[in-house]
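Chemist: Below you'll find run.tsv; it's TSV, C-alpha atoms.
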chain	number	residue	atom	x	y	z
A	22	MET	CA	11.88	-36.62	13.20
A	23	SER	CA	8.30	-37.35	12.31
A	24	LEU	CA	5.37	-35.13	13.03
A	25	ASP	CA	1.70	-35.76	13.50
A	26	PRO	CA	-0.02	-35.31	10.09
A	27	ILE	CA	-2.28	-32.61	11.53
A	28	VAL	CA	0.67	-30.23	11.96
A	29	GLY	CA	1.51	-30.29	8.26
A	30	LYS	CA	-2.11	-30.11	7.20
A	31	ALA	CA	-2.87	-27.13	9.43
A	32	ILE	CA	0.21	-25.27	8.19
A	33	SER	CA	-0.70	-26.05	4.57
A	34	ALA	CA	-4.22	-24.72	5.14
A	35	LEU	CA	-2.81	-21.56	6.74
A	36	PHE	CA	-0.55	-20.89	3.77
A	37	SER	CA	-3.35	-21.66	1.39
A	38	LEU	CA	-5.30	-18.82	3.04
A	39	ILE	CA	-2.28	-16.49	2.96
A	40	PHE	CA	-1.48	-17.16	-0.71
A	41	LEU	CA	-5.08	-17.10	-1.94
A	42	THR	CA	-5.93	-13.78	-0.27
A	43	GLY	CA	-2.60	-12.36	-1.46
A	44	ALA	CA	-3.22	-13.45	-5.05
A	45	TRP	CA	-6.76	-12.11	-4.95
A	46	ASP	CA	-5.57	-8.64	-3.90
A	47	LYS	CA	-2.79	-8.58	-6.48
A	48	LEU	CA	-5.04	-9.60	-9.34
A	49	ARG	CA	-7.79	-7.19	-8.31
A	50	ASP	CA	-5.45	-4.17	-8.17
A	51	ARG	CA	-3.06	-5.43	-10.83
A	52	HIS	CA	-2.06	-1.99	-12.10
A	53	VAL	CA	-1.11	-0.83	-8.63
A	54	PHE	CA	0.74	-4.10	-8.06
A	55	ALA	CA	2.61	-3.65	-11.35
A	56	GLY	CA	3.72	-0.27	-10.00
A	57	VAL	CA	4.89	-1.98	-6.82
A	58	VAL	CA	6.91	-4.54	-8.80
A	59	GLN	CA	8.46	-1.71	-10.79
A	60	GLY	CA	9.24	0.12	-7.56
A	61	TYR	CA	11.41	-2.76	-6.35
A	62	GLU	CA	13.72	-2.11	-9.33
A	63	VAL	CA	15.10	-5.61	-9.76
A	64	LEU	CA	13.67	-6.08	-13.26
A	65	PRO	CA	13.61	-3.87	-16.36
A	66	ALA	CA	10.62	-1.56	-16.00
A	67	ALA	CA	9.05	-2.90	-19.20
A	68	TRP	CA	8.72	-6.35	-17.66
A	69	ALA	CA	6.96	-5.13	-14.54
A	70	PHE	CA	3.40	-5.77	-15.66
A	71	ALA	CA	4.09	-9.27	-17.02
A	72	ALA	CA	6.13	-10.13	-13.94
A	73	SER	CA	3.39	-8.91	-11.62
A	74	LEU	CA	0.80	-11.07	-13.35
A	75	LEU	CA	3.17	-14.05	-13.18
A	76	ILE	CA	3.76	-13.53	-9.46
A	77	ALA	CA	0.05	-13.29	-8.72
A	78	THR	CA	-0.69	-16.41	-10.80
A	79	VAL	CA	2.06	-18.42	-9.11
A	80	GLU	CA	0.66	-17.35	-5.77
A	81	LEU	CA	-2.84	-18.38	-6.80
A	82	PHE	CA	-1.67	-21.87	-7.82
A	83	LEU	CA	0.40	-22.26	-4.66
A	84	GLY	CA	-2.71	-21.44	-2.66
A	85	LEU	CA	-4.72	-24.07	-4.54
A	86	PHE	CA	-1.96	-26.72	-4.26
A	87	LEU	CA	-1.74	-26.17	-0.51
A	88	LEU	CA	-5.50	-26.35	-0.13
A	89	PHE	CA	-5.41	-29.96	-1.38
A	90	PRO	CA	-2.16	-31.24	0.15
A	91	GLY	CA	-2.48	-34.73	-1.35
A	92	ALA	CA	-2.55	-33.44	-4.93
A	93	VAL	CA	0.90	-31.84	-5.00
A	94	PRO	CA	3.11	-33.32	-2.26
A	95	ALA	CA	5.90	-30.84	-2.98
A	96	ALA	CA	3.59	-27.83	-2.49
A	97	PRO	CA	5.19	-26.67	0.81
A	98	TRP	CA	8.64	-26.70	-0.81
A	99	LEU	CA	7.35	-24.78	-3.82
A	100	GLY	CA	5.84	-22.27	-1.40
A	101	LEU	CA	9.17	-22.02	0.40
A	102	GLY	CA	10.90	-21.33	-2.92
A	103	PHE	CA	8.43	-18.55	-3.73
A	104	LEU	CA	8.79	-17.05	-0.27
A	105	SER	CA	12.60	-17.14	-0.51
A	106	MET	CA	12.48	-15.36	-3.86
A	107	VAL	CA	10.28	-12.48	-2.68
A	108	THR	CA	12.26	-12.21	0.55
A	109	ALA	CA	15.49	-11.95	-1.46
A	110	VAL	CA	14.01	-9.05	-3.45
A	111	LEU	CA	12.96	-7.46	-0.16
A	112	VAL	CA	16.45	-7.80	1.32
A	113	ILE	CA	18.07	-6.37	-1.84
A	114	ASN	CA	15.99	-3.22	-1.49
A	115	LEU	CA	16.49	-2.93	2.26
A	116	LEU	CA	20.25	-3.17	1.69
A	117	ARG	CA	19.90	-0.38	-0.87
A	118	GLY	CA	18.49	1.62	2.03
A	119	ARG	CA	15.00	1.92	0.61
A	120	THR	CA	12.28	1.56	3.20
A	121	ASP	CA	9.73	3.78	1.52
A	122	LEU	CA	8.57	1.01	-0.84
A	123	ASP	CA	5.13	-0.44	-0.66
A	124	CYS	CA	5.37	-4.12	0.29
A	125	GLY	CA	2.71	-5.17	-2.21
A	126	CYS	CA	2.16	-8.32	-0.20
A	127	GLY	CA	-1.60	-8.12	-0.54
A	128	GLY	CA	-4.16	-10.12	1.39
A	129	ALA	CA	-3.86	-9.93	5.15
A	130	SER	CA	-0.68	-7.88	4.82
A	131	ALA	CA	-1.90	-5.15	2.48
A	132	ASP	CA	-0.75	-1.56	2.80
A	133	GLN	CA	2.65	-2.15	4.40
A	134	GLN	CA	6.00	-0.56	3.87
A	135	ILE	CA	8.99	-2.85	3.61
A	136	SER	CA	11.12	-3.30	6.72
A	137	TRP	CA	13.41	-5.79	8.42
A	138	GLY	CA	10.34	-6.77	10.41
A	139	LEU	CA	8.90	-8.20	7.20
A	140	VAL	CA	12.08	-10.18	6.58
A	141	ALA	CA	11.85	-11.63	10.09
A	142	ARG	CA	8.19	-12.46	9.46
A	143	ASN	CA	9.08	-14.26	6.24
A	144	LEU	CA	11.82	-16.25	7.97
A	145	GLY	CA	9.24	-17.42	10.51
A	146	LEU	CA	6.83	-18.30	7.71
A	147	GLY	CA	9.61	-20.17	5.91
A	148	MET	CA	10.30	-22.32	8.97
A	149	LEU	CA	6.61	-23.14	9.22
A	150	LEU	CA	6.57	-24.19	5.57
A	151	GLY	CA	9.59	-26.39	6.25
A	152	LEU	CA	7.60	-28.09	9.03
A	153	ALA	CA	4.72	-28.63	6.63
A	154	GLY	CA	7.05	-30.22	4.11
A	155	ALA	CA	8.81	-32.39	6.68
A	156	HIS	CA	8.06	-36.08	6.88
A	157	SER	CA	4.98	-36.84	8.94
A	158	THR	CA	3.69	-40.07	10.42
A	159	LEU	CA	0.60	-41.72	9.07
A	160	ARG	CA	-2.43	-42.31	11.23
A	161	ASP	CA	-6.14	-42.55	10.77
A	162	THR	CA	-7.71	-39.13	11.00
A	163	GLY	CA	-11.33	-38.48	11.90
A	164	TRP	CA	-13.70	-35.54	11.95
A	165	ALA	CA	-12.12	-34.19	15.14
A	166	ASP	CA	-8.82	-33.89	13.27
A	167	VAL	CA	-10.49	-32.03	10.42
A	168	LEU	CA	-12.02	-29.59	12.92
A	169	LEU	CA	-8.66	-29.18	14.63
A	170	THR	CA	-6.95	-28.45	11.30
A	171	ILE	CA	-9.50	-25.81	10.37
A	172	PHE	CA	-9.37	-24.28	13.84
A	173	ALA	CA	-5.59	-24.09	13.87
A	174	ALA	CA	-5.40	-22.61	10.37
A	175	VAL	CA	-8.09	-19.98	10.97
A	176	THR	CA	-6.62	-18.96	14.34
A	177	ALA	CA	-3.12	-18.71	12.93
A	178	PHE	CA	-4.40	-16.69	9.98
A	179	GLY	CA	-6.13	-14.30	12.40
A	180	LEU	CA	-2.90	-13.85	14.34
A	181	TYR	CA	-1.00	-13.37	11.08
A	182	ALA	CA	-3.44	-10.67	9.97
A	183	ALA	CA	-3.23	-8.95	13.36
A	184	ALA	CA	0.58	-9.04	13.29
A	185	ASN	CA	0.58	-7.54	9.80
A	186	GLN	CA	-1.79	-4.81	10.85
A	187	LEU	CA	0.54	-3.93	13.71
A	188	LEU	CA	3.54	-3.95	11.34
A	189	SER	CA	1.77	-1.52	9.03
A	190	ASN	CA	0.60	0.68	11.93
A	191	TYR	CA	4.12	1.19	13.19
A	192	PRO	CA	5.46	3.53	10.45
A	193	ARG	CA	2.28	5.60	10.70
A	194	LEU	CA	2.82	6.01	14.42
A	195	ARG	CA	6.41	7.09	13.75
A	196	GLN	CA	5.20	9.56	11.16
A	197	LEU	CA	2.81	11.16	13.66
A	198	GLU	CA	5.61	11.52	16.17
A	199	PHE	CA	7.71	13.46	13.71
A	200	SER	CA	5.04	15.62	12.15
B	27	MET	CA	-13.02	-37.09	33.01
B	28	MET	CA	-12.60	-37.50	29.22
B	29	GLU	CA	-15.86	-35.65	28.72
B	30	THR	CA	-14.67	-32.75	30.82
B	31	LEU	CA	-11.41	-32.59	28.91
B	32	THR	CA	-13.14	-32.66	25.54
B	33	LEU	CA	-15.49	-29.95	26.67
B	34	ALA	CA	-12.58	-27.92	28.01
B	35	VAL	CA	-10.77	-28.12	24.67
B	36	VAL	CA	-13.86	-27.07	22.74
B	37	VAL	CA	-14.54	-24.16	25.10
B	38	LEU	CA	-10.90	-23.06	25.00
B	39	ALA	CA	-10.86	-23.25	21.21
B	40	CYS	CA	-13.90	-20.96	21.04
B	41	LEU	CA	-12.28	-18.54	23.49
B	42	VAL	CA	-9.03	-18.48	21.51
B	43	LEU	CA	-10.88	-17.79	18.27
B	44	GLY	CA	-12.77	-14.98	19.99
B	45	LEU	CA	-9.56	-13.51	21.38
B	46	VAL	CA	-7.84	-13.64	18.00
B	47	ALA	CA	-10.80	-11.85	16.43
B	48	ALA	CA	-10.66	-9.23	19.19
B	49	VAL	CA	-6.90	-8.71	18.81
B	50	PHE	CA	-7.24	-8.29	15.07
B	51	ALA	CA	-10.17	-5.89	15.46
B	52	LEU	CA	-8.17	-3.79	17.94
B	53	ALA	CA	-5.12	-3.64	15.68
B	54	ARG	CA	-7.34	-2.75	12.73
B	55	GLN	CA	-9.07	0.01	14.69
B	56	VAL	CA	-5.73	1.48	15.71
B	57	GLY	CA	-4.77	1.42	12.03
B	58	ILE	CA	-8.01	3.18	11.09
B	59	ILE	CA	-7.37	5.87	13.68
B	60	TYR	CA	-3.94	6.51	12.15
B	61	GLU	CA	-5.53	6.73	8.72
B	62	ARG	CA	-8.15	9.19	9.94
B	63	ILE	CA	-5.78	11.53	11.70
B	64	ALA	CA	-3.14	11.39	8.99
B	65	PRO	CA	-4.12	13.07	5.74
B	66	VAL	CA	-6.07	10.48	3.78
B	67	GLY	CA	-8.60	11.23	1.14
B	68	ALA	CA	-8.73	14.89	0.46
B	69	LEU	CA	-8.56	15.27	4.23
B	70	THR	CA	-5.80	17.43	5.60
B	71	MET	CA	-3.77	17.76	8.71
B	72	ASP	CA	-3.66	21.28	10.02
B	73	SER	CA	-0.17	21.97	8.75
B	74	GLY	CA	1.41	23.93	5.96
B	75	PRO	CA	-0.23	26.98	4.42
B	76	LYS	CA	-3.93	27.05	5.31
B	77	VAL	CA	-6.71	27.10	2.77
B	78	GLY	CA	-7.47	30.70	1.87
B	79	GLU	CA	-3.98	31.87	2.72
B	80	ALA	CA	-1.46	33.00	0.14
B	81	ALA	CA	0.70	30.13	-1.08
B	82	PRO	CA	4.45	30.46	-0.58
B	83	THR	CA	5.99	31.66	-3.83
B	84	PHE	CA	8.70	29.83	-5.72
B	85	GLU	CA	10.54	30.22	-8.97
B	86	LEU	CA	11.80	26.76	-9.76
B	87	LYS	CA	13.78	25.29	-12.61
B	88	GLY	CA	11.85	22.58	-14.41
B	89	LEU	CA	13.43	19.39	-15.74
B	90	ASP	CA	13.36	21.05	-19.19
B	91	GLY	CA	15.45	23.94	-17.85
B	92	ASP	CA	12.71	26.57	-18.02
B	93	THR	CA	11.66	28.63	-15.00
B	94	ILE	CA	8.34	27.64	-13.44
B	95	PRO	CA	6.68	30.15	-11.13
B	96	ILE	CA	4.54	28.76	-8.31
B	97	GLY	CA	2.25	30.71	-6.03
B	98	HIS	CA	2.30	33.96	-8.04
B	99	PRO	CA	-0.91	35.52	-9.38
B	100	ALA	CA	-1.41	34.06	-12.88
B	101	ALA	CA	-3.96	33.67	-15.64
B	102	LYS	CA	-4.73	30.09	-14.64
B	103	SER	CA	-5.07	28.20	-11.40
B	104	THR	CA	-2.33	25.70	-10.57
B	105	LEU	CA	-2.71	22.13	-9.40
B	106	LEU	CA	0.52	21.20	-7.69
B	107	PHE	CA	0.80	17.41	-7.72
B	108	PHE	CA	3.47	15.86	-5.50
B	109	LEU	CA	4.59	12.42	-6.66
B	110	SER	CA	7.57	10.10	-6.70
B	111	PRO	CA	8.77	7.35	-9.08
B	112	THR	CA	8.51	4.85	-6.22
B	113	CYS	CA	4.87	5.53	-5.35
B	114	PRO	CA	2.49	3.03	-6.98
B	115	VAL	CA	-0.67	5.00	-6.25
B	116	CYS	CA	0.87	8.04	-7.96
B	117	LYS	CA	1.30	5.94	-11.11
B	118	LYS	CA	-2.32	4.83	-10.96
B	119	LEU	CA	-3.39	8.48	-10.91
B	120	LEU	CA	-1.25	9.62	-13.87
B	121	PRO	CA	-3.78	8.74	-16.62
B	122	ILE	CA	-6.45	10.54	-14.60
B	123	LEU	CA	-4.16	13.53	-14.28
B	124	LYS	CA	-3.60	13.60	-18.04
B	125	ALA	CA	-7.33	13.47	-18.72
B	126	THR	CA	-7.90	16.23	-16.16
B	127	ALA	CA	-5.24	18.39	-17.80
B	128	ARG	CA	-7.13	18.10	-21.11
B	129	SER	CA	-10.65	18.62	-19.77
B	130	GLU	CA	-9.77	21.50	-17.42
B	131	GLN	CA	-7.17	23.22	-19.59
B	132	ARG	CA	-9.25	26.43	-19.83
B	133	TRP	CA	-8.53	27.37	-16.23
B	134	LEU	CA	-5.99	24.91	-14.92
B	135	ARG	CA	-2.25	24.32	-15.17
B	136	ILE	CA	-0.89	21.11	-13.64
B	137	VAL	CA	2.63	21.12	-12.23
B	138	LEU	CA	4.30	17.91	-11.07
B	139	ALA	CA	6.61	18.17	-8.11
B	140	SER	CA	9.05	15.71	-6.63
B	141	ASP	CA	12.55	15.58	-5.27
B	142	GLY	CA	15.58	13.30	-5.29
B	143	ASP	CA	17.83	11.85	-7.95
B	144	VAL	CA	17.52	13.81	-11.21
B	145	GLN	CA	18.36	10.89	-13.49
B	146	ALA	CA	15.77	8.61	-11.89
B	147	GLN	CA	13.19	11.39	-12.20
B	148	GLU	CA	13.98	12.01	-15.86
B	149	LYS	CA	13.77	8.31	-16.62
B	150	PHE	CA	10.44	8.14	-14.83
B	151	ARG	CA	9.18	11.19	-16.67
B	152	LEU	CA	10.04	9.68	-20.05
B	153	SER	CA	8.67	6.20	-19.30
B	154	ALA	CA	5.41	7.56	-17.91
B	155	LYS	CA	5.12	10.05	-20.82
B	156	LEU	CA	4.81	13.12	-18.60
B	157	GLU	CA	6.54	15.58	-20.92
B	158	VAL	CA	3.35	17.65	-21.26
B	159	PHE	CA	3.53	18.67	-17.61
B	160	PRO	CA	6.02	21.10	-16.09
B	161	TYR	CA	8.08	18.96	-13.73
B	162	VAL	CA	10.00	20.49	-10.83
B	163	LEU	CA	12.39	18.94	-8.33
B	164	SER	CA	12.53	20.78	-5.05
B	165	THR	CA	12.77	19.63	-1.48
B	166	ALA	CA	12.01	23.16	-0.29
B	167	LEU	CA	8.67	23.12	-2.11
B	168	GLY	CA	7.53	19.95	-0.33
B	169	MET	CA	8.72	21.35	2.99
B	170	ALA	CA	6.90	24.65	2.46
B	171	PHE	CA	3.62	22.84	1.82
B	172	LYS	CA	4.32	20.25	4.56
B	173	VAL	CA	3.82	17.29	2.23
B	174	SER	CA	4.31	14.13	4.25
B	175	ARG	CA	2.56	11.42	2.25
B	176	LEU	CA	2.16	10.89	-1.48
B	177	PRO	CA	0.36	11.48	-3.80
B	178	HIS	CA	-0.45	14.93	-2.46
B	179	ALA	CA	-2.19	17.68	-4.40
B	180	ILE	CA	-2.57	21.39	-3.75
B	181	LEU	CA	-4.84	23.68	-5.72
B	182	ILE	CA	-3.64	27.30	-5.93
B	183	ASP	CA	-6.05	29.77	-7.53
B	184	GLU	CA	-5.22	32.54	-10.01
B	185	HIS	CA	-4.61	35.01	-7.16
B	186	GLY	CA	-1.95	32.77	-5.62
B	187	ARG	CA	-4.11	31.55	-2.74
B	188	VAL	CA	-4.35	27.94	-1.60
B	189	ARG	CA	-7.91	26.83	-2.38
B	190	SER	CA	-7.80	23.17	-1.40
B	191	LYS	CA	-5.23	20.52	-0.64
B	192	GLY	CA	-4.84	16.98	0.56
B	193	LEU	CA	-3.66	13.47	0.00
B	194	VAL	CA	-5.34	12.06	-3.10
B	195	ASN	CA	-5.80	8.37	-3.86
B	196	SER	CA	-8.48	8.39	-6.55
B	197	ARG	CA	-10.16	10.34	-9.31
B	198	GLU	CA	-12.93	11.33	-6.91
B	199	GLN	CA	-10.47	12.86	-4.53
B	200	ILE	CA	-8.80	14.90	-7.27
B	201	GLU	CA	-12.20	16.13	-8.35
B	202	SER	CA	-13.09	16.91	-4.75
B	203	LEU	CA	-10.28	19.46	-4.78
B	204	PHE	CA	-11.95	21.26	-7.71
B	205	ASN	CA	-15.35	21.03	-6.05
B	206	ALA	CA	-13.84	22.51	-2.94
B	207	LYS	CA	-12.69	25.50	-4.98
B	208	GLU	CA	-16.13	25.96	-6.52
B	209	LEU	CA	-17.91	25.61	-3.20
B	210	GLY	CA	-15.38	27.74	-1.39
B	211	VAL	CA	-14.67	25.05	1.19
B	212	GLY	CA	-11.09	24.05	1.69
B	213	THR	CA	-11.13	20.61	3.21
B	214	VAL	CA	-13.53	17.79	3.91
B	215	GLN	CA	-13.32	18.53	7.62
B	216	GLU	CA	-14.34	22.12	7.02
B	217	TYR	CA	-17.26	21.00	4.86
B	218	LEU	CA	-18.42	18.52	7.51
B	219	GLY	CA	-17.93	21.19	10.17
B	220	THR	CA	-20.19	23.72	8.43
B	221	SER	CA	-22.93	21.24	7.55
B	222	HIS	CA	-23.35	20.11	11.15
Step by step, read the file and then write its structure as structure tokens.

Modeler:
Amino acid sequence: MSLDPIVGKAISALFSLIFLTGAWDKLRDRHVFAGVVQGYEVLPAAWAFAASLLIATVELFLGLFLLFPGAVPAAPWLGLGFLSMVTAVLVINLLRGRTDLDCGCGGASADQQISWGLVARNLGLGMLLGLAGAHSTLRDTGWADVLLTIFAAVTAFGLYAAANQLLSNYPRLRQLEFS
Amino acid sequence: MMETLTLAVVVLACLVLGLVAAVFALARQVGIIYERIAPVGALTMDSGPKVGEAAPTFELKGLDGDTIPIGHPAAKSTLLFFLSPTCPVCKKLLPILKATARSEQRWLRIVLASDGDVQAQEKFRLSAKLEVFPYVLSTALGMAFKVSRLPHAILIDEHGRVRSKGLVNSREQIESLFNAKELGVGTVQEYLGTSH
């Protein structure tokens, strides 16, 4: 199946926004993020700070690769690999029964506790990345296509941010009900 | 016809963007309301022992095995700091807490409080170099002070009365607890209430 090139480009631009804002937040609050990485307890505690810097740097480069889709054709697949890795860590901790961990996602999804909702979100994101990496047809694109790409990416990012806000509101609402 | 369609797409695109912005703003505002009504900053919910009231008294066993009295009249005031090994913001505040312990040692004793697995807590205490602080594990203590979110701090004066309390996320908010004691105001709400 071949897709119109705009689909892949819009998805790449969306993930570029997601990864760049995420990396920015992680690098800005790197000590807090190191604490988050330590909290997940999948690495020796001594590695937490180095690992957190590595994660943020990888995210930064993924964001840049996706911003210029021609430069690194495999960028969506690299993004999918990264997403799978963090989702695996998420699932490990959910299976341990720990939901009180800070997600540490950063960017549009800052200040969230981990939940199965996040796993579902990441599965959806993964499918989108798969679409972006899928083979697309070639056609001449003009300024209208550029506008459409930007529009689609910005709108989707807005929806993504709103969905994340709602995900992070939910545990607070629950907390009020029980207090 | 083409012109109408083009125009329709452009108009619809603008409307969709506007709607997305509105949806996000609404979700964000709901989030802000939750933050405001839940204890954030040195703000407090009206639960647990009130400021000015006597604190519930406890005699707890510290991680070192010694008995740590809480809420009794004592020579120094007590800052009860609720934390957990899984709370990143708590870790950010630990260096600030250590500095505070040194600079305020004339009148202040800092006690760390948590609950849960003893081994995990001891590991955390060693790795974060918290041996200078008395460290107690007690679910009853957190329940008595109605601690719902971390890091939470409660300042108990030398007479065993609660002087200020709240969720703390920064150095300023820890200091605001001390200011509250000096000013004789318990919470930010109370301060705002009297100044209006």

Chemist: Return the single residue from A:Leu38, A:Val79, A:Val53, A:Cys124 that is closest to chain B, with distances computed using only C-alpha atoms.

Modeler: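 Ranking A:Leu38, A:Val79, A:Val53, A:Cys124 by distance to chain B, first place goes to A:Val53.
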
Chemist: With a distance threshold of 8 Å and counting all atoms listed in the file, extract the residues of chain B near chain A and express them as a list of chain:residue names.

Modeler: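 Taking all atoms listed in the file into account, B:Ala39, B:Val42, B:Leu43, B:Val46, B:Ala47, B:Val49, B:Phe50, B:Ala51, B:Ala53, B:Arg54, B:Val56, B:Gly57, B:Tyr60, B:Ala64, B:Pro111, B:Thr112, B:Cys113, B:Pro114, B:Val115, B:Lys117, B:Lys118 sit within 8 Å of chain A.
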
Chemist: Go ahead and find all residues with at least one atom no further than 8 Å from (11.6, -20.7, 0.8) in the file's coordinates, using only C-alpha atoms; report them as a VMD selection string.

Modeler: chain A and resid 98 to 106 147 150

Chemist: Next, the residues of the selection above should be written as a short mmCIF file (atom, residue, chain, number, x, y, z; two decimals), in the coordinates of the input with C-alpha atoms.

Modeler:
data_model
loop_
_atom_site.label_atom_id
_atom_site.label_comp_id
_atom_site.auth_asym_id
_atom_site.auth_seq_id
_atom_site.Cartn_x
_atom_site.Cartn_y
_atom_site.Cartn_z
CA TRP A 98 8.64 -26.70 -0.81
CA LEU A 99 7.35 -24.78 -3.82
CA GLY A 100 5.84 -22.27 -1.40
CA LEU A 101 9.17 -22.02 0.40
CA GLY A 102 10.90 -21.33 -2.92
CA PHE A 103 8.43 -18.55 -3.73
CA LEU A 104 8.79 -17.05 -0.27
CA SER A 105 12.60 -17.14 -0.51
CA MET A 106 12.48 -15.36 -3.86
CA GLY A 147 9.61 -20.17 5.91
CA LEU A 150 6.57 -24.19 5.57
#

Chemist: If I take CA of Cys126 in chain A and CA of Leu139 in chain A, how far is one from the other in Å, to one decimal?

Modeler: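 Pair CA of Cys126 in chain A / CA of Leu139 in chain A returns 10.0 Å.
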
Chemist: Residues of range 62-157 of chain B that approach range 162-165 of chain B to 6 Å or less, counting only C-alpha atoms: could you list each one with the shortest pair of atoms and its distance in Å to one decimal, rows by chain and increasing residue number, as a tab-separated table?

Modeler:
residue	atom	partner	partner_atom	distance
B:Gly88	CA	B:Val162	CA	4.5
B:Ala139	CA	B:Val162	CA	4.9
B:Ser140	CA	B:Leu163	CA	4.9
B:Asp141	CA	B:Leu163	CA	4.5

Chemist: So which residues touch Ile122 in chain B within 9 Å, counting only C-alpha atoms, skipping near sequence neighbours fewer than 4 positions away, as a PyMOL selection string?

Modeler: chain B and resi 118+126-127+196-197+200

Chemist: Within 8 Å of Gly84 in chain A, counting all atoms listed in the file, which residues qualify if same-chain residues fewer than 2 places away don't, as a PyMOL selection string?

Modeler: chain A and resi 36-41+80-82+86-88

Chemist: In Å, rounded to a single decimal, give me how far CA of Val37 in chain B is from CA of Leu146 in chain A.

Modeler: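 Separating CA of Leu146 in chain A from CA of Val37 in chain B is a distance of 28.2 Å.
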
Chemist: What does the distance from CA of Gly145 in chain A to CA of Thr108 in chain A come to in Å, to one decimal?

Modeler: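 CA of Thr108 in chain A lies at a distance of 11.6 Å from CA of Gly145 in chain A.
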
Chemist: Edge lengths and centre in Å to one decimal, as AutoDock Vina command-line options, is what I'm after for the box along x, y and z that holds all listed atoms of range 61-65 of chain A once 5 Å is added on each side.

Modeler:
--center_x 13.3 --center_y -4.1 --center_z -11.4 --size_x 13.7 --size_y 14.0 --size_z 20.0

Chemist: Pick the closest to Ile113 in chain A from A:Gly127, A:Ala96, A:Ile27, A:Trp137: which is it, counting only C-alpha atoms?

Modeler: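 Selected residue with least distance to Ile113 in chain A: A:Trp137.
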
Chemist: Let me make sure I understand: among B:Ile180, B:Ala81, B:Val188, B:Leu156, which one has the smallest atom-to-atom distance to Gly97 in chain B if we use only C-alpha atoms?

Modeler: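 Selected residue with least distance to Gly97 in chain B: B:Ala81.
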
Chemist: Kindly extract all protein, DNA and RNA residues lying within 10 Å of the coordinates (-6.3, 33.2, -14.5) given in the file, considering all atoms listed in the file, and supply them as a count of residues only.

Modeler: 14

Chemist: Point out the residue among A:Ser130, A:Ile32, A:Asn143, A:Pro26 with the least atom-to-atom distance to Asp161 in chain A, counting all atoms listed in the file.

Modeler: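 Between A:Ser130, A:Ile32, A:Asn143, A:Pro26, the residue approaching Asp161 in chain A most closely is A:Pro26.
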
Chemist: Would you list the contacts of Ala153 in chain A as a count of residues only, taking every protein, DNA or RNA residue within 8 Å and counting all atoms listed in the file, but skipping same-chain residues closer than 6 positions in sequence?

Modeler: 6
